[in-house]
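Visitor: Below is a structure I'd like to ask you about.
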Amino acid sequence: METYLLDWANLLLRWLHVIVAIAWIGSSFYFVFLDSSLTPPVDPQLKKDGVSGELWAVHGGGFYHPVKFAGAPPTLPEHLHWFYWESYSTWLSGFALFLISYLWSPSVYLIDPKVMPWSPAGAIAAALAFLVVFWFAYDAICRTLGQTRNGDAKVGALVLVLVCVAAYAATQMFAGRAAFLLVGAMLATSMSANVFFWIIPGQRTVVADMKAGRPIDPVHGQRGKQRSVHNTYFTLPVLFAMLSNHYSFTYANEHNWLILIGMMFAGAAIRQFFVMRHGYKLGRCPHPWPYAAVGLVVLLALIVWLKPAPVAAVAVPDKVGYAQLRPVIEQRCVMCHGEALQSKGVRLDSADGLKQHAQMVYQQVVVMKAMPMNNATGLTEDERALFAQWFKAGAPVN
């Protein structure tokens, strides 16, 4: 019953996490587009009111005319919309999902004895520390260098180094699948912390000063803008890290830390292309195609590098049935997919159960080589070949 309830919790939290993440990323991308696409106002009244940019857009059968004030508007409206629950909901649902999956069963998901033989408590503490330590290091870089001359370049370079160090450290401490997800969670935590500790408090200070008739300090807008820009460059690397657990050829590679860094770098470069593309359309900057080209070159290089090497043919019987697979299943699979524990609702300790899940078994064991998790039970290539031959013959169980 515990496994069944955990599966439902995992499904519903994952569903919620994707929904609120779409809302957060969508609003973030929209405001980056908006800032990059604003043009100086034409209407003299708008200029008089302090509007620094405007945009005309058409969507869904209507016309929209958003404007941006350089500092603060002449008066505050009665209803002011705040963008923060999308961020908080994404982080809370993601952390809850991380809790019931990775932290609930650290021996299965976090720990790979071949990488580092942690105790469960030690692995959990180290995983949580990753989220906290990265935020403090990243935040310190932004606070100390962000407002200096060429601050954005300095911060960008140091944060790149910090992410590379974190990616290498994670892959040397945790199972590959967990390491990739943990780096993504680390960046996502900093994104949400940017909203919680800097962007929203700065905006609240500005609103409070306006209501009290005090002068508006522009530093709050500058800091909020800086952290918002960082968030948009973190987005694609985070999305790759979260999706990577479905593709074992990335996280199971001997040099998985290089793959992680390469994919995240490609994502950030491609995001830069889209950010600058809006300005290019208005003649503000050269065409940003080199950024997209760099990202694509990195992706192509990884594709070529990771192409599977020729594998020596494994001798397997012409006909493989349940009788040949049964001892392998009992030794490698039943501990997680048997009567006592039916992970993901999959039970393989009977011929009927194996037949029912034949497609999934072939996909996970032969094609993706994602199971057993971290190959904890030591499934060999010869044994995977038995599963392949059995499935290609029609998955017989007689």
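Residues are named by chain letter and number: chains run A, B, ... in the order of the structure tokens, numbers start at 1 in each chain, and ligands are numbered from 1 in the order shown.
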Counting only C-alpha atoms, which residues in range 265-354 of chain A sit no more than 12 Å from range 367-372 of chain A? For each one, give the nearest pair of atoms and the distance in Å, sorted by chain then residue number, as CSV.
Guide:
residue,atom,partner,partner_atom,distance
A:Val328,CA,A:Pro372,CA,11.9
A:Ile329,CA,A:Pro372,CA,10.6
A:Gln331,CA,A:Pro372,CA,11.2
A:Arg332,CA,A:Pro372,CA,7.4
A:Cys333,CA,A:Pro372,CA,7.1
A:Val334,CA,A:Pro372,CA,10.4
A:Met335,CA,A:Pro372,CA,10.3
A:Cys336,CA,A:Pro372,CA,8.9
A:His337,CA,A:Pro372,CA,10.4
A:Ser343,CA,A:Pro372,CA,11.5
Visitor: Considering only C-alpha atoms, return as a PDB file with N, CA, C and O atoms, in the first residue's frame whatever protein or nucleic-acid residues lie within 12 Å of Cys164 in chain A, sequence-local ones (same chain, fewer than 3 positions apart) excluded.
Guide:
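Saved result, out_5.pdb, follows:
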ATOM      1  N   PHE A 134      25.060  26.138  -2.909  1.00  0.00           N
ATOM      2  CA  PHE A 134      25.120  26.813  -4.205  1.00  0.00           C
ATOM      3  C   PHE A 134      24.423  28.166  -4.131  1.00  0.00           C
ATOM      4  O   PHE A 134      24.936  29.160  -4.677  1.00  0.00           O
ATOM      5  N   ALA A 157      30.767  35.053 -15.568  1.00  0.00           N
ATOM      6  CA  ALA A 157      31.932  34.165 -15.651  1.00  0.00           C
ATOM      7  C   ALA A 157      32.078  33.318 -14.393  1.00  0.00           C
ATOM      8  O   ALA A 157      32.331  32.105 -14.467  1.00  0.00           O
ATOM      9  N   LEU A 158      31.918  33.950 -13.231  1.00  0.00           N
ATOM     10  CA  LEU A 158      32.076  33.209 -11.978  1.00  0.00           C
ATOM     11  C   LEU A 158      30.949  32.209 -11.753  1.00  0.00           C
ATOM     12  O   LEU A 158      31.176  31.110 -11.232  1.00  0.00           O
ATOM     13  N   VAL A 159      29.737  32.586 -12.140  1.00  0.00           N
ATOM     14  CA  VAL A 159      28.620  31.647 -11.988  1.00  0.00           C
ATOM     15  C   VAL A 159      28.813  30.454 -12.918  1.00  0.00           C
ATOM     16  O   VAL A 159      28.515  29.310 -12.542  1.00  0.00           O
ATOM     17  N   LEU A 160      29.342  30.684 -14.117  1.00  0.00           N
ATOM     18  CA  LEU A 160      29.650  29.575 -15.025  1.00  0.00           C
ATOM     19  C   LEU A 160      30.643  28.615 -14.381  1.00  0.00           C
ATOM     20  O   LEU A 160      30.461  27.395 -14.411  1.00  0.00           O
ATOM     21  N   VAL A 161      31.703  29.159 -13.791  1.00  0.00           N
ATOM     22  CA  VAL A 161      32.690  28.315 -13.104  1.00  0.00           C
ATOM     23  C   VAL A 161      32.033  27.564 -11.946  1.00  0.00           C
ATOM     24  O   VAL A 161      32.275  26.365 -11.746  1.00  0.00           O
ATOM     25  N   ALA A 167      28.567  20.714 -11.026  1.00  0.00           N
ATOM     26  CA  ALA A 167      28.231  19.574 -11.878  1.00  0.00           C
ATOM     27  C   ALA A 167      29.249  18.451 -11.709  1.00  0.00           C
ATOM     28  O   ALA A 167      28.881  17.271 -11.602  1.00  0.00           O
ATOM     29  N   TYR A 168      30.516  18.816 -11.676  1.00  0.00           N
ATOM     30  CA  TYR A 168      31.553  17.791 -11.482  1.00  0.00           C
ATOM     31  C   TYR A 168      31.417  17.142 -10.108  1.00  0.00           C
ATOM     32  O   TYR A 168      31.468  15.903  -9.982  1.00  0.00           O
ATOM     33  N   ALA A 169      31.236  17.963  -9.073  1.00  0.00           N
ATOM     34  CA  ALA A 169      31.132  17.425  -7.718  1.00  0.00           C
ATOM     35  C   ALA A 169      29.930  16.494  -7.583  1.00  0.00           C
ATOM     36  O   ALA A 169      30.031  15.416  -6.972  1.00  0.00           O
ATOM     37  N   ALA A 170      28.795  16.872  -8.144  1.00  0.00           N
ATOM     38  CA  ALA A 170      27.589  16.050  -8.029  1.00  0.00           C
ATOM     39  C   ALA A 170      27.781  14.682  -8.661  1.00  0.00           C
ATOM     40  O   ALA A 170      27.379  13.656  -8.094  1.00  0.00           O
ATOM     41  N   THR A 171      28.418  14.634  -9.834  1.00  0.00           N
ATOM     42  CA  THR A 171      28.599  13.355 -10.521  1.00  0.00           C
ATOM     43  C   THR A 171      29.656  12.486  -9.850  1.00  0.00           C
ATOM     44  O   THR A 171      29.718  11.287 -10.117  1.00  0.00           O
ATOM     45  N   VAL A 183      21.631  18.842  -9.830  1.00  0.00           N
ATOM     46  CA  VAL A 183      22.154  20.099 -10.390  1.00  0.00           C
ATOM     47  C   VAL A 183      21.008  20.953 -10.918  1.00  0.00           C
ATOM     48  O   VAL A 183      20.985  22.172 -10.746  1.00  0.00           O
ATOM     49  N   LEU A 187      19.933  24.747  -9.449  1.00  0.00           N
ATOM     50  CA  LEU A 187      19.699  25.974 -10.211  1.00  0.00           C
ATOM     51  C   LEU A 187      18.269  26.478 -10.012  1.00  0.00           C
ATOM     52  O   LEU A 187      18.037  27.687  -9.866  1.00  0.00           O
ATOM     53  N   TRP A 257      29.753  14.234 -16.277  1.00  0.00           N
ATOM     54  CA  TRP A 257      29.825  15.635 -15.856  1.00  0.00           C
ATOM     55  C   TRP A 257      30.091  16.555 -17.054  1.00  0.00           C
ATOM     56  O   TRP A 257      29.559  17.671 -17.125  1.00  0.00           O
ATOM     57  N   LEU A 258      30.882  16.084 -18.017  1.00  0.00           N
ATOM     58  CA  LEU A 258      31.122  16.881 -19.215  1.00  0.00           C
ATOM     59  C   LEU A 258      29.855  16.992 -20.072  1.00  0.00           C
ATOM     60  O   LEU A 258      29.575  18.038 -20.670  1.00  0.00           O
ATOM     61  N   ILE A 259      29.107  15.900 -20.119  1.00  0.00           N
ATOM     62  CA  ILE A 259      27.854  15.919 -20.874  1.00  0.00           C
ATOM     63  C   ILE A 259      26.882  16.910 -20.239  1.00  0.00           C
ATOM     64  O   ILE A 259      26.234  17.706 -20.937  1.00  0.00           O
ATOM     65  N   LEU A 260      26.783  16.880 -18.923  1.00  0.00           N
ATOM     66  CA  LEU A 260      25.882  17.789 -18.210  1.00  0.00           C
ATOM     67  C   LEU A 260      26.271  19.249 -18.458  1.00  0.00           C
ATOM     68  O   LEU A 260      25.420  20.088 -18.787  1.00  0.00           O
ATOM     69  N   ILE A 261      27.559  19.537 -18.325  1.00  0.00           N
ATOM     70  CA  ILE A 261      28.027  20.911 -18.553  1.00  0.00           C
ATOM     71  C   ILE A 261      27.780  21.327 -20.002  1.00  0.00           C
ATOM     72  O   ILE A 261      27.312  22.438 -20.287  1.00  0.00           O
ATOM     73  N   GLY A 262      28.086  20.432 -20.942  1.00  0.00           N
ATOM     74  CA  GLY A 262      27.905  20.750 -22.351  1.00  0.00           C
ATOM     75  C   GLY A 262      26.448  21.031 -22.699  1.00  0.00           C
ATOM     76  O   GLY A 262      26.142  22.000 -23.410  1.00  0.00           O
ATOM     77  N   MET A 263      25.541  20.214 -22.198  1.00  0.00           N
ATOM     78  CA  MET A 263      24.120  20.409 -22.495  1.00  0.00           C
ATOM     79  C   MET A 263      23.599  21.697 -21.864  1.00  0.00           C
ATOM     80  O   MET A 263      22.816  22.430 -22.487  1.00  0.00           O
ATOM     81  N   MET A 264      24.021  21.981 -20.645  1.00  0.00           N
ATOM     82  CA  MET A 264      23.568  23.215 -19.998  1.00  0.00           C
ATOM     83  C   MET A 264      24.137  24.442 -20.704  1.00  0.00           C
ATOM     84  O   MET A 264      23.444  25.451 -20.885  1.00  0.00           O
ATOM     85  N   PHE A 265      25.398  24.371 -21.126  1.00  0.00           N
ATOM     86  CA  PHE A 265      25.997  25.488 -21.856  1.00  0.00           C
ATOM     87  C   PHE A 265      25.264  25.721 -23.172  1.00  0.00           C
ATOM     88  O   PHE A 265      24.985  26.863 -23.551  1.00  0.00           O
TER      89      PHE A 265
END
Visitor: DSSP on the backbone: what in range 112-259 of chain A comes out helix (DSSP H, G or I), as a PyMOL selection string?
Guide: chain A and resi 120-145+151-173+176-212+219-246+248-251+256-259
Visitor: Please provide the set of residues having any atom within 7 Å of Pro41 in chain A, restricted to only C-alpha atoms, with same-chain residues fewer than 6 positions apart removed, written as a VMD selection string.
Guide: chain A and resid 47 51 to 54
Visitor: Just want the 12 Å neighbourhood of range 85-96 of chain A, counted on only C-alpha atoms, with same-chain residues fewer than 5 positions away dropped. Output as a ChimeraX atom specification.
Guide: /A:6,9-28,101-104,127-128,131,181-182,184-197,199-200,228,231,238,242
Visitor: Keeping only N, CA and C atoms, take the residues you just selected and write them out as a short mmCIF file (atom, residue, chain, number, x, y, z; two decimals), in the first residue's frame.
Guide:
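Here's the written file result.cif:
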data_model
loop_
_atom_site.label_atom_id
_atom_site.label_comp_id
_atom_site.auth_asym_id
_atom_site.auth_seq_id
_atom_site.Cartn_x
_atom_site.Cartn_y
_atom_site.Cartn_z
N LEU A 6 2.66 6.10 -2.77
CA LEU A 6 3.80 6.90 -3.24
C LEU A 6 3.74 7.11 -4.75
N ALA A 9 1.20 9.80 -5.31
CA ALA A 9 1.77 11.09 -4.92
C ALA A 9 2.77 11.57 -5.96
N ASN A 10 3.58 10.64 -6.46
CA ASN A 10 4.56 10.99 -7.49
C ASN A 10 3.87 11.50 -8.75
N LEU A 11 2.83 10.81 -9.18
CA LEU A 11 2.11 11.19 -10.39
C LEU A 11 1.46 12.57 -10.23
N LEU A 12 0.74 12.78 -9.13
CA LEU A 12 0.02 14.04 -8.95
C LEU A 12 0.97 15.21 -8.75
N LEU A 13 2.05 14.99 -7.99
CA LEU A 13 3.02 16.07 -7.80
C LEU A 13 3.74 16.40 -9.10
N ARG A 14 4.06 15.37 -9.86
CA ARG A 14 4.73 15.62 -11.15
C ARG A 14 3.81 16.41 -12.08
N TRP A 15 2.54 16.07 -12.09
CA TRP A 15 1.56 16.78 -12.90
C TRP A 15 1.47 18.25 -12.47
N LEU A 16 1.34 18.45 -11.16
CA LEU A 16 1.28 19.81 -10.62
C LEU A 16 2.56 20.57 -10.95
N HIS A 17 3.70 19.92 -10.78
CA HIS A 17 4.99 20.57 -11.00
C HIS A 17 5.12 21.06 -12.44
N VAL A 18 4.71 20.23 -13.38
CA VAL A 18 4.79 20.62 -14.79
C VAL A 18 3.86 21.79 -15.09
N ILE A 19 2.65 21.75 -14.53
CA ILE A 19 1.67 22.81 -14.79
C ILE A 19 2.18 24.16 -14.29
N VAL A 20 2.61 24.20 -13.01
CA VAL A 20 3.05 25.49 -12.46
C VAL A 20 4.38 25.94 -13.07
N ALA A 21 5.23 24.97 -13.46
CA ALA A 21 6.48 25.34 -14.13
C ALA A 21 6.20 25.99 -15.48
N ILE A 22 5.21 25.48 -16.20
CA ILE A 22 4.83 26.10 -17.47
C ILE A 22 4.38 27.53 -17.24
N ALA A 23 3.59 27.73 -16.18
CA ALA A 23 3.10 29.08 -15.87
C ALA A 23 4.26 30.02 -15.54
N TRP A 24 5.22 29.53 -14.74
CA TRP A 24 6.36 30.36 -14.34
C TRP A 24 7.25 30.68 -15.53
N ILE A 25 7.63 29.65 -16.27
CA ILE A 25 8.52 29.85 -17.41
C ILE A 25 7.84 30.71 -18.47
N GLY A 26 6.55 30.46 -18.68
CA GLY A 26 5.83 31.24 -19.68
C GLY A 26 5.79 32.72 -19.34
N SER A 27 5.49 33.04 -18.08
CA SER A 27 5.46 34.46 -17.69
C SER A 27 6.86 35.06 -17.73
N SER A 28 7.87 34.28 -17.34
CA SER A 28 9.25 34.78 -17.37
C SER A 28 9.69 35.08 -18.80
N SER A 101 10.61 10.91 -3.91
CA SER A 101 11.32 10.02 -4.83
C SER A 101 12.74 9.74 -4.36
N TYR A 102 13.56 10.76 -4.37
CA TYR A 102 14.99 10.57 -4.11
C TYR A 102 15.32 10.51 -2.62
N LEU A 103 14.75 11.40 -1.83
CA LEU A 103 15.09 11.42 -0.40
C LEU A 103 14.38 10.33 0.37
N TRP A 104 13.23 9.88 -0.11
CA TRP A 104 12.50 8.81 0.56
C TRP A 104 13.22 7.47 0.41
N ALA A 127 22.84 15.99 -0.33
CA ALA A 127 21.96 16.47 -1.40
C ALA A 127 21.31 17.79 -1.01
N LEU A 128 20.83 17.88 0.22
CA LEU A 128 20.21 19.13 0.68
C LEU A 128 21.24 20.25 0.76
N LEU A 131 21.82 22.20 -2.50
CA LEU A 131 20.87 23.27 -2.81
C LEU A 131 21.21 24.54 -2.05
N LEU A 181 19.75 15.44 -11.88
CA LEU A 181 18.55 16.06 -11.33
C LEU A 181 18.90 17.03 -10.21
N LEU A 182 19.89 16.68 -9.41
CA LEU A 182 20.27 17.54 -8.28
C LEU A 182 20.85 18.87 -8.77
N GLY A 184 20.03 20.32 -11.58
CA GLY A 184 18.86 21.07 -12.01
C GLY A 184 18.09 21.66 -10.85
N ALA A 185 17.91 20.87 -9.78
CA ALA A 185 17.21 21.37 -8.59
C ALA A 185 17.99 22.49 -7.92
N MET A 186 19.30 22.41 -7.96
CA MET A 186 20.17 23.45 -7.40
C MET A 186 19.95 24.78 -8.11
N LEU A 187 19.93 24.75 -9.45
CA LEU A 187 19.70 25.97 -10.21
C LEU A 187 18.27 26.48 -10.01
N ALA A 188 17.30 25.56 -10.00
CA ALA A 188 15.90 25.95 -9.82
C ALA A 188 15.68 26.57 -8.44
N THR A 189 16.38 26.05 -7.43
CA THR A 189 16.27 26.62 -6.09
C THR A 189 16.78 28.05 -6.08
N SER A 190 17.88 28.29 -6.76
CA SER A 190 18.41 29.66 -6.82
C SER A 190 17.48 30.58 -7.61
N MET A 191 16.84 30.06 -8.64
CA MET A 191 15.88 30.86 -9.39
C MET A 191 14.73 31.31 -8.49
N SER A 192 14.17 30.36 -7.74
CA SER A 192 13.05 30.71 -6.86
C SER A 192 13.52 31.59 -5.71
N ALA A 193 14.74 31.35 -5.22
CA ALA A 193 15.28 32.19 -4.15
C ALA A 193 15.50 33.62 -4.65
N ASN A 194 15.88 33.78 -5.90
CA ASN A 194 16.00 35.13 -6.48
C ASN A 194 14.68 35.88 -6.38
N VAL A 195 13.60 35.17 -6.67
CA VAL A 195 12.27 35.80 -6.58
C VAL A 195 11.93 36.12 -5.13
N PHE A 196 12.18 35.15 -4.25
CA PHE A 196 11.76 35.28 -2.84
C PHE A 196 12.58 36.32 -2.08
N PHE A 197 13.90 36.32 -2.28
CA PHE A 197 14.78 37.17 -1.47
C PHE A 197 15.09 38.53 -2.10
N ILE A 199 13.72 39.82 -5.84
CA ILE A 199 12.81 40.47 -6.79
C ILE A 199 11.54 40.98 -6.10
N ILE A 200 10.85 40.10 -5.38
CA ILE A 200 9.60 40.52 -4.72
C ILE A 200 9.86 41.50 -3.58
N SER A 228 16.34 38.54 -12.49
CA SER A 228 15.38 38.04 -13.47
C SER A 228 16.09 37.57 -14.74
N ASN A 231 17.68 34.27 -14.12
CA ASN A 231 16.68 33.20 -14.14
C ASN A 231 16.38 32.72 -15.55
N VAL A 238 18.04 23.99 -16.62
CA VAL A 238 17.22 23.29 -15.63
C VAL A 238 16.30 22.29 -16.32
N MET A 242 16.15 18.20 -15.70
CA MET A 242 14.95 17.52 -15.23
C MET A 242 14.49 16.42 -16.20
#
Visitor: Determine, counting only C-alpha atoms, which protein, DNA and RNA residues have an atom within 10 Å of an atom of range 373-382 of chain A; residues of the same chain fewer than 3 positions away are not included. Present the result as a ChimeraX atom specification.
Guide: /A:107-114,175-178,248,252,313-316,328-329,331-333,335-336,364-366,369-370,385-388
Visitor: Please indicate the distance in Å from CA of Lys344 in chain A to CA of Met360 in chain A, rounded to one decimal place.
Guide: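 Interatomic distance, CA of Lys344 in chain A to CA of Met360 in chain A: 11.5 Å.
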Visitor: Could you state the separation of CA of Phe274 in chain A and CA of Lys68 in chain A in Å, given to one decimal place?
Guide: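 The value is 21.1 Å.
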Visitor: Any idea what's packed within 10 Å of Val294 in chain A, counting only C-alpha atoms, ignoring anything in its chain fewer than 5 positions away? Could you give it as a count of residues only?
Guide: 8
Visitor: Just want the 12 Å neighbourhood of range 148-152 of chain A, counted on only C-alpha atoms, with same-chain residues fewer than 6 positions away dropped. Output as a list in words.
Guide: Ile141, Cys142, Leu158, Val159, Gln222, Arg223, Lys225, Gln226, Arg227, Val229 and His230 of chain A
Visitor: Kindly give the distance, in Å, that separates CA of Phe130 in chain A and CA of Phe174 in chain A, rounded to a single decimal.
Guide: 11.3 Å
Visitor: My list of candidates is A:His287, A:Ala268, A:Ser105, A:Gln363. Which is closest to His246 in chain A when distances are computed with only C-alpha atoms?
Guide: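 Ranking A:His287, A:Ala268, A:Ser105, A:Gln363 by distance to His246 in chain A, first place goes to A:Gln363.
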